[in-house]
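Here is the structure we will look at, set down as structure tokens.
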Amino acid sequence: MHFSITALPHRLYRLLRVERRSPSSRGRPVTLSRQRVYILPTRYGLVFGLLIFVMAIGAANYNNSVGFMVTFLLASLGLVTILHTYRNLAQLTFRTGKALHVFCGEAAKFTIYADNPGKLPRVSVALRLANQAAIYSDIKANATTAIELDLPSHRRGYLPITTLTVSTRYPLGIFYAWSHVKLDMTCLVYPRPSDNTIAPELARRSGGKQTAFTDRKSVV
């Protein structure tokens, strides 16, 4: 076999491309680490922050110690809420389950397993596929919860699962934490069967045989 030094970089590049596209990483569970979880205030959180700001200005203007105390209490409550909202998603692990094969036009059903290794339950965790409605689930501590998601099928063939969005607004709804999970999972969509159960030609043939059989029986 001829070996060329000049072709070595090109072969290494092709090898690395194959390494990246290899299916060895498919089907692996996805853990929501610190780098995967994002958090932002909701519109209620923005109103809450504006309220704290106005209360702080009013307390400073009137030199009201009670106003300062309430303002700092609400501000500390908001900071603690950030930690609780983030912790409701952190370290959750999602694994692929089974996919129920359906006919074209029906909703494909994907089963996803959520593992909670922590000692605290995760409350009101929302899972959403594409533009579908979110499915809310409570994940118990030190347990695995099976969550079933639906995705409409519009054409036959293999239907891959879209990017799964995991989010939560727990506990007060003033902060929104989310993460995108990509799972290698497909569902086989069969062609929709015809409404006519028997083809016309086959119906005529079977009808003729049945007539011949009844005539023969009547003759006997």
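By convention here, the chains of the structure tokens are called A, B, ... in the order presented, each chain's residues are numbered starting at 1, and ligands are numbered starting at 1 in the order presented.
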Please produce, as a tab-separated table, a per-residue contact table for stretch 85-121 of chain A versus stretch 186-193 of chain A (criterion: any atom at most 9 Å away, only C-alpha atoms considered), showing the nearest atom pair and its distance in Å to one decimal, sorted by chain then residue number.
residue	atom	partner	partner_atom	distance
A:Lys98	CA	A:Cys187	CA	8.8
A:Ala99	CA	A:Cys187	CA	5.6
A:Leu100	CA	A:Cys187	CA	6.7
A:His101	CA	A:Leu188	CA	5.1
A:Val102	CA	A:Val189	CA	5.2
A:Phe103	CA	A:Tyr190	CA	4.6
A:Cys104	CA	A:Arg192	CA	5.2
A:Gly105	CA	A:Arg192	CA	7.5
A:Glu106	CA	A:Val189	CA	8.7
A:Ala108	CA	A:Cys187	CA	6.9
A:Lys109	CA	A:Cys187	CA	8.1
A:Phe110	CA	A:Cys187	CA	7.8
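Nearest residue to A:Leu32, choosing from A:Val166, A:Ala126, A:Ala90, A:Ala141 and counting only C-alpha atoms: A:Ala90.
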Legend entry - Contact residues around A:Gly97 with only C-alpha atoms at 12 Å, ignoring same-chain residues under 5 positions, as a ChimeraX atom specification: /A:27-29,109-114,144-149,161,183-187
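Here atom CA of A:Asp138 stands at a distance of 27.5 Å from atom CA of A:Ser153.
Comparing the minimum interatomic distances between A:Val37 and each of A:Leu50, A:Tyr170, A:Asp115, A:Leu92, counting only C-alpha atoms, we find that A:Leu92 sits nearest.
With only C-alpha atoms as the basis for measurement, A:Ile52 is the residue among A:Ile139, A:Ile52, A:Ala60, A:Leu89 that approaches A:Ser76 most closely.
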When you look at stretch 78-85 of chain A with a cut-off of 10 Å (counting only C-alpha atoms), what residues show up, excluding the ones that are within fewer than 4 positions of it in the same chain? I need them as an mmCIF file with N, CA and C atoms, in the first residue's frame.
data_model
loop_
_atom_site.group_PDB
_atom_site.id
_atom_site.type_symbol
_atom_site.label_atom_id
_atom_site.label_comp_id
_atom_site.auth_asym_id
_atom_site.auth_seq_id
_atom_site.Cartn_x
_atom_site.Cartn_y
_atom_site.Cartn_z
ATOM 1 N N ILE A 39 -30.139 31.266 34.038
ATOM 2 C CA ILE A 39 -31.195 31.812 34.877
ATOM 3 C C ILE A 39 -31.323 33.307 34.608
ATOM 4 N N LEU A 40 -32.579 33.763 34.505
ATOM 5 C CA LEU A 40 -32.887 35.171 34.287
ATOM 6 C C LEU A 40 -34.162 35.504 35.049
ATOM 7 N N PRO A 41 -34.348 36.773 35.410
ATOM 8 C CA PRO A 41 -35.610 37.145 36.076
ATOM 9 C C PRO A 41 -36.774 37.142 35.096
ATOM 10 N N GLY A 45 -40.305 39.041 38.217
ATOM 11 C CA GLY A 45 -39.059 39.332 38.907
ATOM 12 C C GLY A 45 -38.583 40.748 38.661
ATOM 13 N N PHE A 48 -40.649 42.898 40.768
ATOM 14 C CA PHE A 48 -40.187 42.735 42.149
ATOM 15 C C PHE A 48 -38.928 43.556 42.411
ATOM 16 N N GLY A 49 -37.983 43.540 41.465
ATOM 17 C CA GLY A 49 -36.773 44.344 41.615
ATOM 18 C C GLY A 49 -37.055 45.832 41.594
ATOM 19 N N ILE A 52 -38.422 46.840 44.964
ATOM 20 C CA ILE A 52 -37.365 46.974 45.974
ATOM 21 C C ILE A 52 -36.608 48.291 45.793
ATOM 22 N N PHE A 72 -34.444 45.388 52.754
ATOM 23 C CA PHE A 72 -33.362 44.409 52.807
ATOM 24 C C PHE A 72 -33.896 42.988 52.970
ATOM 25 N N LEU A 73 -35.022 42.857 53.658
ATOM 26 C CA LEU A 73 -35.620 41.534 53.810
ATOM 27 C C LEU A 73 -36.099 41.000 52.461
ATOM 28 N N LEU A 74 -36.759 41.843 51.678
ATOM 29 C CA LEU A 74 -37.226 41.420 50.358
ATOM 30 C C LEU A 74 -36.056 41.168 49.405
ATOM 31 N N LEU A 89 -32.802 22.596 39.218
ATOM 32 C CA LEU A 89 -32.386 21.931 37.986
ATOM 33 C C LEU A 89 -30.993 21.355 38.051
ATOM 34 N N ALA A 90 -30.143 21.883 38.904
ATOM 35 C CA ALA A 90 -28.738 21.488 38.915
ATOM 36 C C ALA A 90 -28.586 20.008 39.242
ATOM 37 N N ARG A 122 -37.200 17.658 43.314
ATOM 38 C CA ARG A 122 -37.253 18.761 42.355
ATOM 39 C C ARG A 122 -38.719 18.978 41.984
ATOM 40 N N VAL A 123 -39.203 20.162 42.249
ATOM 41 C CA VAL A 123 -40.636 20.460 42.147
ATOM 42 C C VAL A 123 -40.910 21.270 40.884
ATOM 43 N N SER A 167 -36.941 23.471 32.135
ATOM 44 C CA SER A 167 -37.018 24.780 32.788
ATOM 45 C C SER A 167 -37.791 24.664 34.091
ATOM 46 N N THR A 168 -37.690 25.712 34.891
ATOM 47 C CA THR A 168 -38.423 25.794 36.156
ATOM 48 C C THR A 168 -38.545 27.249 36.581
ATOM 49 N N ARG A 169 -39.612 27.545 37.298
ATOM 50 C CA ARG A 169 -39.831 28.856 37.909
ATOM 51 C C ARG A 169 -40.011 28.728 39.421
ATOM 52 N N TYR A 170 -39.683 27.576 39.933
ATOM 53 C CA TYR A 170 -39.824 27.313 41.365
ATOM 54 C C TYR A 170 -38.801 28.154 42.135
ATOM 55 N N PRO A 171 -39.127 28.692 43.317
ATOM 56 C CA PRO A 171 -40.368 28.516 44.064
ATOM 57 C C PRO A 171 -41.376 29.672 43.939
ATOM 58 N N LEU A 172 -40.913 30.873 43.595
ATOM 59 C CA LEU A 172 -41.784 32.053 43.632
ATOM 60 C C LEU A 172 -42.172 32.558 42.250
ATOM 61 N N GLY A 173 -41.578 32.034 41.212
ATOM 62 C CA GLY A 173 -41.907 32.468 39.862
ATOM 63 C C GLY A 173 -41.274 33.773 39.443
ATOM 64 N N ILE A 174 -40.338 34.297 40.208
ATOM 65 C CA ILE A 174 -39.701 35.560 39.836
ATOM 66 C C ILE A 174 -38.383 35.342 39.089
ATOM 67 N N PHE A 175 -37.932 34.089 39.001
ATOM 68 C CA PHE A 175 -36.741 33.761 38.229
ATOM 69 C C PHE A 175 -37.041 32.543 37.371
ATOM 70 N N TYR A 176 -36.434 32.529 36.193
ATOM 71 C CA TYR A 176 -36.647 31.464 35.211
ATOM 72 C C TYR A 176 -35.302 30.821 34.907
ATOM 73 N N ALA A 177 -35.167 29.543 35.257
ATOM 74 C CA ALA A 177 -33.951 28.786 34.979
ATOM 75 C C ALA A 177 -34.266 27.758 33.900
ATOM 76 N N TRP A 178 -33.360 27.592 32.944
ATOM 77 C CA TRP A 178 -33.599 26.647 31.857
ATOM 78 C C TRP A 178 -32.278 26.065 31.360
#
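DSSP secondary structure from the backbone places Ala60, Asn61, Tyr62, Ser65, Val66, Gly67, Phe68, Met69, Val70, Thr71, Phe72, Leu73, Leu74, Ala75, Ser76, Leu77, Gly78, Leu79, Val80, Thr81, Ile82, Leu83, His84, Thr85, Tyr86 and Arg87 of chain A of stretch 60-133 of chain A in helix (DSSP H, G or I).
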Atoms kept (N, CA, C and O atoms) for selection, written as an mmCIF file, in the first residue's frame:
data_model
loop_
_atom_site.group_PDB
_atom_site.id
_atom_site.type_symbol
_atom_site.label_atom_id
_atom_site.label_comp_id
_atom_site.auth_asym_id
_atom_site.auth_seq_id
_atom_site.Cartn_x
_atom_site.Cartn_y
_atom_site.Cartn_z
ATOM 1 N N ALA A 60 -34.760 55.779 52.116
ATOM 2 C CA ALA A 60 -33.650 56.727 52.242
ATOM 3 C C ALA A 60 -34.153 58.166 52.295
ATOM 4 O O ALA A 60 -33.574 59.010 52.982
ATOM 5 N N ASN A 61 -35.219 58.461 51.580
ATOM 6 C CA ASN A 61 -35.755 59.822 51.550
ATOM 7 C C ASN A 61 -36.346 60.214 52.899
ATOM 8 O O ASN A 61 -36.156 61.341 53.373
ATOM 9 N N TYR A 62 -37.065 59.296 53.528
ATOM 10 C CA TYR A 62 -37.709 59.592 54.805
ATOM 11 C C TYR A 62 -36.893 59.088 55.999
ATOM 12 O O TYR A 62 -37.348 59.223 57.134
ATOM 13 N N SER A 65 -36.197 53.540 59.251
ATOM 14 C CA SER A 65 -35.473 52.292 59.522
ATOM 15 C C SER A 65 -36.325 51.067 59.219
ATOM 16 O O SER A 65 -35.820 50.036 58.765
ATOM 17 N N VAL A 66 -37.633 51.158 59.488
ATOM 18 C CA VAL A 66 -38.522 50.034 59.180
ATOM 19 C C VAL A 66 -38.568 49.789 57.666
ATOM 20 O O VAL A 66 -38.589 48.649 57.197
ATOM 21 N N GLY A 67 -38.581 50.887 56.905
ATOM 22 C CA GLY A 67 -38.556 50.750 55.453
ATOM 23 C C GLY A 67 -37.288 50.076 54.970
ATOM 24 O O GLY A 67 -37.319 49.225 54.067
ATOM 25 N N PHE A 68 -36.128 50.445 55.569
ATOM 26 C CA PHE A 68 -34.870 49.777 55.225
ATOM 27 C C PHE A 68 -34.920 48.289 55.577
ATOM 28 O O PHE A 68 -34.440 47.440 54.819
ATOM 29 N N MET A 69 -35.504 47.974 56.711
ATOM 30 C CA MET A 69 -35.550 46.581 57.137
ATOM 31 C C MET A 69 -36.392 45.739 56.173
ATOM 32 O O MET A 69 -35.982 44.642 55.764
ATOM 33 N N VAL A 70 -37.553 46.273 55.774
ATOM 34 C CA VAL A 70 -38.411 45.535 54.837
ATOM 35 C C VAL A 70 -37.737 45.423 53.475
ATOM 36 O O VAL A 70 -37.804 44.377 52.807
ATOM 37 N N THR A 71 -37.065 46.477 53.049
ATOM 38 C CA THR A 71 -36.386 46.452 51.751
ATOM 39 C C THR A 71 -35.284 45.410 51.722
ATOM 40 O O THR A 71 -35.166 44.621 50.777
ATOM 41 N N PHE A 72 -34.444 45.388 52.754
ATOM 42 C CA PHE A 72 -33.362 44.409 52.807
ATOM 43 C C PHE A 72 -33.896 42.988 52.970
ATOM 44 O O PHE A 72 -33.313 42.027 52.459
ATOM 45 N N LEU A 73 -35.022 42.857 53.658
ATOM 46 C CA LEU A 73 -35.620 41.534 53.810
ATOM 47 C C LEU A 73 -36.099 41.000 52.461
ATOM 48 O O LEU A 73 -35.859 39.831 52.117
ATOM 49 N N LEU A 74 -36.759 41.843 51.678
ATOM 50 C CA LEU A 74 -37.226 41.420 50.358
ATOM 51 C C LEU A 74 -36.056 41.168 49.405
ATOM 52 O O LEU A 74 -36.095 40.239 48.594
ATOM 53 N N ALA A 75 -35.014 41.986 49.506
ATOM 54 C CA ALA A 75 -33.848 41.779 48.654
ATOM 55 C C ALA A 75 -33.155 40.454 48.981
ATOM 56 O O ALA A 75 -32.751 39.707 48.074
ATOM 57 N N SER A 76 -33.032 40.142 50.252
ATOM 58 C CA SER A 76 -32.426 38.854 50.636
ATOM 59 C C SER A 76 -33.304 37.689 50.202
ATOM 60 O O SER A 76 -32.799 36.624 49.807
ATOM 61 N N LEU A 77 -34.627 37.888 50.235
ATOM 62 C CA LEU A 77 -35.534 36.844 49.758
ATOM 63 C C LEU A 77 -35.323 36.583 48.272
ATOM 64 O O LEU A 77 -35.337 35.433 47.812
ATOM 65 N N GLY A 78 -35.115 37.650 47.488
ATOM 66 C CA GLY A 78 -34.847 37.473 46.066
ATOM 67 C C GLY A 78 -33.542 36.738 45.807
ATOM 68 O O GLY A 78 -33.461 35.879 44.926
ATOM 69 N N LEU A 79 -32.506 37.041 46.594
ATOM 70 C CA LEU A 79 -31.227 36.355 46.424
ATOM 71 C C LEU A 79 -31.334 34.872 46.769
ATOM 72 O O LEU A 79 -30.765 34.016 46.077
ATOM 73 N N VAL A 80 -32.056 34.564 47.829
ATOM 74 C CA VAL A 80 -32.236 33.157 48.190
ATOM 75 C C VAL A 80 -33.060 32.420 47.133
ATOM 76 O O VAL A 80 -32.816 31.246 46.841
ATOM 77 N N THR A 81 -34.022 33.132 46.525
ATOM 78 C CA THR A 81 -34.834 32.522 45.481
ATOM 79 C C THR A 81 -33.984 32.134 44.278
ATOM 80 O O THR A 81 -34.242 31.107 43.621
ATOM 81 N N ILE A 82 -32.970 32.936 43.964
ATOM 82 C CA ILE A 82 -32.065 32.586 42.863
ATOM 83 C C ILE A 82 -31.414 31.232 43.112
ATOM 84 O O ILE A 82 -31.349 30.369 42.220
ATOM 85 N N LEU A 83 -30.950 31.001 44.305
ATOM 86 C CA LEU A 83 -30.289 29.731 44.638
ATOM 87 C C LEU A 83 -31.266 28.561 44.556
ATOM 88 O O LEU A 83 -30.927 27.491 44.042
ATOM 89 N N HIS A 84 -32.487 28.758 45.048
ATOM 90 C CA HIS A 84 -33.456 27.670 45.024
ATOM 91 C C HIS A 84 -33.892 27.345 43.589
ATOM 92 O O HIS A 84 -34.096 26.175 43.249
ATOM 93 N N THR A 85 -34.054 28.378 42.766
ATOM 94 C CA THR A 85 -34.438 28.135 41.376
ATOM 95 C C THR A 85 -33.339 27.389 40.628
ATOM 96 O O THR A 85 -33.606 26.460 39.858
ATOM 97 N N TYR A 86 -32.092 27.791 40.848
ATOM 98 C CA TYR A 86 -30.970 27.105 40.197
ATOM 99 C C TYR A 86 -30.831 25.676 40.705
ATOM 100 O O TYR A 86 -30.620 24.739 39.922
ATOM 101 N N ARG A 87 -30.976 25.481 41.994
ATOM 102 C CA ARG A 87 -30.804 24.149 42.568
ATOM 103 C C ARG A 87 -31.903 23.194 42.132
ATOM 104 O O ARG A 87 -31.714 21.974 42.153
#
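Atom CA of A:Leu164 lies 5.0 Å from atom CA of A:Val181.
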Inset, instruction - Step one, run DSSP on the backbone; step two, keep only residues of stretch 132-190 of chain A assigned to strand (DSSP E); then write them as an MDAnalysis selection string. - result: chainID A and resid 135:139 143:152 157:160 164:168 175:181 186:190
Write the residues of the selection above to a file with C-alpha atoms, as a CSV table (one decimal), in the first residue's frame.
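selection26.csv, written as the output of this step:
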chain,number,residue,atom,x,y,z
A,135,ILE,CA,-45.1,18.8,30.7
A,136,TYR,CA,-44.6,19.5,34.4
A,137,SER,CA,-43.3,16.8,36.6
A,138,ASP,CA,-42.1,16.4,40.2
A,139,ILE,CA,-38.9,14.4,40.5
A,143,ALA,CA,-35.1,8.4,42.4
A,144,THR,CA,-35.8,8.0,38.7
A,145,THR,CA,-38.9,9.4,37.1
A,146,ALA,CA,-40.2,8.4,33.7
A,147,ILE,CA,-41.7,11.3,31.7
A,148,GLU,CA,-43.6,10.8,28.5
A,149,LEU,CA,-43.5,13.5,25.8
A,150,ASP,CA,-45.6,13.8,22.7
A,151,LEU,CA,-44.4,15.1,19.3
A,152,PRO,CA,-46.7,15.2,16.3
A,157,GLY,CA,-39.9,7.7,8.2
A,158,TYR,CA,-37.7,8.3,11.2
A,159,LEU,CA,-38.7,11.1,13.5
A,160,PRO,CA,-35.8,12.4,15.6
A,164,LEU,CA,-35.5,19.2,24.9
A,165,THR,CA,-35.9,22.4,27.0
A,166,VAL,CA,-35.9,21.8,30.7
A,167,SER,CA,-37.0,24.8,32.8
A,168,THR,CA,-38.4,25.8,36.2
A,175,PHE,CA,-36.7,33.8,38.2
A,176,TYR,CA,-36.6,31.5,35.2
A,177,ALA,CA,-34.0,28.8,35.0
A,178,TRP,CA,-33.6,26.6,31.9
A,179,SER,CA,-31.3,24.3,30.0
A,180,HIS,CA,-31.3,22.7,26.5
A,181,VAL,CA,-30.8,18.9,26.4
A,186,THR,CA,-35.8,8.5,17.1
A,187,CYS,CA,-39.3,7.2,16.5
A,188,LEU,CA,-40.3,5.2,13.4
A,189,VAL,CA,-43.4,6.6,11.7
A,190,TYR,CA,-45.3,4.1,9.6
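Atom pair atom CA of A:Leu46 / atom CA of A:Leu127 has a distance of 24.2 Å (rounded to one decimal).
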